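*Asks:* Dumping the structure here so I can ask a few things about it.
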Amino acid sequence: MASQIHFLDIKGKSLLSRDYKGDIPSNTIEKFPLLLLELENSIEEGEYKPFINNQGINYVFINHNNLYICALTRKNENIMAIIMFLSKLVEVMTQYFKSLEEESIRDNFVIIYELLDEMMDFGIPQITDTKILKEYITQDYYSLIKSSPQHLLTPPNAVTNAVSWRKDGIFYKKNEAFLDVIESINMLINANGQVLNSEILGEVKIKSHLSGMPDLRLGLNDKGIFTSEGDTSGKGIEMEDIKFHQCVRLSKFENEKIITFIPPDGEFTLMSYRLSSAQFLMKPLLLVNCRMKVHKHSRIEIVCSIKAQIKKKSTANNVEVIIPIPEDADTPKFNPEYGSVKWIPEKSCLVWKLKTFPGGKQFTMSAELGLPAVVDSEKAIANNKPIKVNFSIPYFTTSGIQVRYLRINEPKLQYQSYPWVRYITQSGEDYTVRMK
């Protein structure tokens with residue numbers, strides 16, 4: 001798949017490289033900075049192209065923390081597969097060094113070479129699971145093998161097993177599995193409360209504390225949803241961008257729409273999915289109405305209300321309404337009907353916090369701030385960013401997805417297990433409301 005892997009600084013200078021095949025001259029990477037500059041000049045603003053072809057050589061790259069991680073290949077390879085491997089390489093090294101940057105590469109080049117050798121063999125990806133890698137490639141790996149031949153580390157059984165993500169011999173006194181269905185809502189709402197755009201990003205996360213080599217089967221309700229393309233009944237909701245952990249038996253899912261798997265030990269994301277706004281007539285879960293009035297060379301008045309448009313039996317927790325204000329605002333005064341308000345001058349915003357917010361309730365907050373240098377009141381309001389809302393609603397999913405069962409079977413040990421299921425709906429990174 002890849003002939004060479006290179007780590008380069010922001011100027012394109014090589015920091016570390018690994019040649020797997022020897023079919024590309026080692027100085028080929030020196031052309032990358034110039035080719036990258038030509039690429040940036042040729043593409044339109046907002047366009048992204050993660051590869052360059054020059055004289056029969058493919059340069060496939062990603063950018064991370066002022067670094068370029070670049071793979072070179074001669075053949076017509078699967079570009080997205082290479083990008084996914086490079087992204088996984090960054091993820092593994094970030095978990096090793098906490099932050100992957102130029103300094104951490106220089107300080108840990110021995111470990112990085114070991115990781116490059118284990119994660120890829122002759123240009124083909126091998127082991128990419130951090131938990132497995134950490135069992136025999138550690139920060140003090142070289143000091144261990146120098147002490148005595150008896151201390152040579154051997155690869156764990158998981159590397160050679162068919163189930164590479166789980167080692168043998170795991171044992172727990174109490175066998176439990178915790179499953180969380182987490183849905184993050186991204187939504188753009190105009191000043192009149194109308195939803196302009198929305199999407200649901202869902203994840204099914206599992207924390208496995210199970211002995212032996214258990215085989216799990218997960219069943220979801222009919223809303224959940226693996227509707228065929230020809231289904232016009234309207235009963236199902238078709239998931240988009242479904243991604244499974246490598247432990248899921250894809251053939252079983254494709255043929256029977258059943259999710260079966262042998263889980264890794266500990267925490268992992270079993271699957272992720274996306275539901276677009278075209279499938280939902282969604283109303284804002286938390287509706288914010290905010291009016292701002294600027295008095296020229298004087299002060300700014302803000303009146304903000306928030307309503308929980310969820311069922312009365314549900315409760316939103318840790319609600320934050322982040323209201324942008326002009327940078328030169330000062331001397332704030334707050335009057336919240338419920339909760340607390342804090343002025344954060346370095347971020348030019350007010351943060352209204354409501355620890356618990358029962359469904360159907362509505363609260364109002366008013367604030368007044370000084371504005372010593374405002375010239376144009378309309379311009380001051382127009383320059384404001386939208387309001388951002390953060391929240392978490394337990395025991396609730398917007399899409400209606402529910403776990404019907406989580407069956408756990410360990411054929412050798414045959415123990416009694418205890419699965420636990422939770423549902424959480426929360427704000428995504430982009431739950432925003434435009435101001436009036």
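In the structure tokens, each chain is lettered A, B, ... as it comes, each chain's residues begin at 1, and ligands are numbered from 1 in order of appearance.
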At a cut-off of 9 Å, using only C-alpha atoms, what residues contact Ser3 (chain A)? Leave out same-chain residues fewer than 2 positions from it and give the result as a PDB file with C-alpha atoms, in the first residue's frame.

*Replies:*
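Saved the output as out02.pdb:
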```pdb
ATOM      1  CA  MET A   1       0.000   0.000   0.000  1.00  0.00           C
ATOM      2  CA  ILE A   5       6.167   7.044   5.463  1.00  0.00           C
ATOM      3  CA  ARG A  18      10.609   4.756   7.146  1.00  0.00           C
ATOM      4  CA  ASP A  19      11.224   2.996   3.825  1.00  0.00           C
ATOM      5  CA  TYR A  20       9.298  -0.283   3.488  1.00  0.00           C
ATOM      6  CA  LYS A  21       9.925  -1.367  -0.122  1.00  0.00           C
ATOM      7  CA  GLY A  22      13.016   0.434  -1.447  1.00  0.00           C
ATOM      8  CA  ASP A  23      11.350   1.123  -4.810  1.00  0.00           C
ATOM      9  CA  ILE A  24      11.380   4.934  -4.452  1.00  0.00           C
ATOM     10  CA  ALA A  71       3.010   8.345   2.421  1.00  0.00           C
ATOM     11  CA  LEU A  72       4.705   7.721  -0.937  1.00  0.00           C
ATOM     12  CA  THR A  73       3.675   4.995  -3.373  1.00  0.00           C
ATOM     13  CA  ARG A  74       4.269   4.138  -7.022  1.00  0.00           C
ATOM     14  CA  PHE A 122       6.310  -4.192   3.589  1.00  0.00           C
ATOM     15  CA  GLY A 123       3.841  -1.334   3.128  1.00  0.00           C
TER      16      GLY A 123
END
```

*Asks:* Near Lys131 (chain A), counting only C-alpha atoms, which residues have an atom at most 10 Å away, once you skip same-chain residues fewer than 4 positions from it, shown as a list of chain:residue names?

*Replies:* A:Val92, A:Gln95, A:Glu135, A:Tyr136, A:Trp165, A:Arg166, A:Lys167, A:Pro264, A:Asp265, A:Gly266

*Asks:* Restrict the selected residues to N, CA and C atoms and save them as a tab-separated table (two decimals), in the first residue's frame.

*Replies:*
```tsv
chain	number	residue	atom	x	y	z
A	92	VAL	N	-2.55	6.57	17.36
A	92	VAL	CA	-1.74	5.69	18.21
A	92	VAL	C	-0.62	6.47	18.87
A	95	GLN	N	-1.76	8.68	21.67
A	95	GLN	CA	-2.01	7.96	22.91
A	95	GLN	C	-0.70	7.55	23.60
A	135	GLU	N	1.14	-3.52	24.85
A	135	GLU	CA	1.51	-4.69	25.64
A	135	GLU	C	2.97	-5.07	25.46
A	136	TYR	N	3.55	-4.72	24.32
A	136	TYR	CA	4.96	-5.11	24.11
A	136	TYR	C	5.82	-4.01	23.51
A	165	TRP	N	-7.81	-8.12	18.57
A	165	TRP	CA	-8.11	-7.00	19.46
A	165	TRP	C	-8.37	-7.45	20.91
A	166	ARG	N	-8.26	-8.76	21.17
A	166	ARG	CA	-8.53	-9.24	22.53
A	166	ARG	C	-7.54	-10.34	22.88
A	167	LYS	N	-6.94	-10.28	24.06
A	167	LYS	CA	-5.98	-11.29	24.49
A	167	LYS	C	-6.69	-12.40	25.27
A	264	PRO	N	-13.45	-6.08	22.45
A	264	PRO	CA	-12.18	-5.81	23.13
A	264	PRO	C	-12.42	-5.66	24.63
A	265	ASP	N	-11.39	-5.78	25.41
A	265	ASP	CA	-11.51	-5.57	26.84
A	265	ASP	C	-11.47	-4.07	27.13
A	266	GLY	N	-12.39	-3.61	27.98
A	266	GLY	CA	-12.41	-2.19	28.33
A	266	GLY	C	-13.37	-1.40	27.46
```

*Asks:* Can you list, as a ChimeraX atom specification, all residues belonging to region 246-288 of chain A that DSSP tags as strand (DSSP E or B)?

*Replies:* /A:248,259-261,266-276,286-288

*Asks:* Counting only C-alpha atoms, which residue out of A:Glu183, A:Glu327, A:Phe334, A:Ser366 sits closest to Lys347 (chain A)?

*Replies:*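 Closest to Lys347 (chain A) of all the choices is A:Glu327.
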
*Asks:* Need the shell around Ser272 (chain A): protein/DNA/RNA residues with any atom at most 8 Å away, counting only C-alpha atoms. Skip same-chain ones fewer than 6 positions apart. Format as a ChimeraX atom specification?

*Replies:* /A:201-204,241-244

*Asks:* For Tyr68 (chain A), list every protein, DNA or RNA residue within 9 Å, evaluated using only C-alpha atoms, and leave out those in the same chain fewer than 5 positions away; present the list as a ChimeraX atom specification.

*Replies:* /A:6-10,12,61-63

*Asks:* Take the residues just selected and output them with all heavy atoms as a tab-separated table (two decimals), in the first residue's frame.

*Replies:*
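The file below, selection_17.tsv, is the result:
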```tsv
chain	number	residue	atom	x	y	z
A	6	HIS	N	6.71	9.39	5.85
A	6	HIS	CA	7.56	10.51	6.26
A	6	HIS	C	6.82	11.40	7.24
A	6	HIS	O	5.62	11.67	7.07
A	6	HIS	CB	7.98	11.35	5.05
A	6	HIS	CG	8.84	10.62	4.07
A	6	HIS	ND1	10.22	10.64	4.12
A	6	HIS	CD2	8.51	9.84	3.00
A	6	HIS	CE1	10.71	9.92	3.12
A	6	HIS	NE2	9.70	9.42	2.43
A	7	PHE	N	7.53	11.88	8.25
A	7	PHE	CA	7.04	12.92	9.15
A	7	PHE	C	7.82	14.19	8.82
A	7	PHE	O	9.07	14.19	8.85
A	7	PHE	CB	7.26	12.55	10.61
A	7	PHE	CG	6.39	11.42	11.09
A	7	PHE	CD1	6.74	10.10	10.82
A	7	PHE	CD2	5.23	11.67	11.80
A	7	PHE	CE1	5.94	9.06	11.24
A	7	PHE	CE2	4.43	10.63	12.24
A	7	PHE	CZ	4.78	9.32	11.95
A	8	LEU	N	7.10	15.29	8.50
A	8	LEU	CA	7.74	16.53	8.10
A	8	LEU	C	7.22	17.69	8.93
A	8	LEU	O	6.06	17.68	9.39
A	8	LEU	CB	7.50	16.82	6.61
A	8	LEU	CG	7.86	15.70	5.63
A	8	LEU	CD1	6.58	15.00	5.16
A	8	LEU	CD2	8.60	16.23	4.42
A	9	ASP	N	8.05	18.71	9.14
A	9	ASP	CA	7.59	19.91	9.84
A	9	ASP	C	6.75	20.76	8.90
A	9	ASP	O	6.54	20.43	7.73
A	9	ASP	CB	8.76	20.68	10.45
A	9	ASP	CG	9.73	21.24	9.40
A	9	ASP	OD1	9.35	21.32	8.21
A	9	ASP	OD2	10.86	21.58	9.77
A	10	ILE	N	6.27	21.91	9.39
A	10	ILE	CA	5.35	22.74	8.62
A	10	ILE	C	6.00	23.30	7.35
A	10	ILE	O	5.31	23.64	6.39
A	10	ILE	CB	4.82	23.90	9.52
A	10	ILE	CG1	3.58	24.55	8.89
A	10	ILE	CG2	5.91	24.91	9.80
A	10	ILE	CD1	2.39	23.64	8.78
A	12	GLY	N	8.02	21.51	5.52
A	12	GLY	CA	8.28	20.39	4.64
A	12	GLY	C	9.62	19.71	4.87
A	12	GLY	O	10.03	18.86	4.07
A	61	PHE	N	-1.08	12.64	1.97
A	61	PHE	CA	-0.66	13.30	3.21
A	61	PHE	C	-1.85	13.77	4.02
A	61	PHE	O	-2.96	13.96	3.52
A	61	PHE	CB	0.25	14.50	2.88
A	61	PHE	CG	-0.42	15.55	2.03
A	61	PHE	CD1	-1.09	16.62	2.61
A	61	PHE	CD2	-0.39	15.46	0.65
A	61	PHE	CE1	-1.72	17.57	1.83
A	61	PHE	CE2	-1.01	16.41	-0.15
A	61	PHE	CZ	-1.67	17.48	0.45
A	62	ILE	N	-1.60	13.94	5.33
A	62	ILE	CA	-2.53	14.60	6.24
A	62	ILE	C	-1.74	15.62	7.05
A	62	ILE	O	-0.50	15.55	7.13
A	62	ILE	CB	-3.24	13.60	7.19
A	62	ILE	CG1	-2.22	12.86	8.07
A	62	ILE	CG2	-4.09	12.63	6.41
A	62	ILE	CD1	-2.87	11.99	9.13
A	63	ASN	N	-2.43	16.56	7.66
A	63	ASN	CA	-1.80	17.60	8.47
A	63	ASN	C	-2.26	17.46	9.91
A	63	ASN	O	-3.45	17.26	10.18
A	63	ASN	CB	-2.17	18.98	7.91
A	63	ASN	CG	-1.52	20.11	8.69
A	63	ASN	OD1	-2.17	20.73	9.51
A	63	ASN	ND2	-0.26	20.37	8.43
```

*Asks:* Which is closest to Ile29 (chain A) among A:Ile83, A:Ile57, A:Ile43, A:Leu275, if we use only C-alpha atoms?

*Replies:* A:Ile57

*Asks:* Would you work out the distance separating CA of Gly428 (chain A) from CA of Asn221 (chain A), expressed in Å to one decimal?

*Replies:*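 Computing the Euclidean distance for CA of Gly428 (chain A) and CA of Asn221 (chain A) yields 24.1 Å.
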
*Asks:* So the first atom is CA of Lys412 (chain A) and the second is CA of Gly212 (chain A); what is the distance between them in Å, to one decimal place?

*Replies:* 7.9 Å
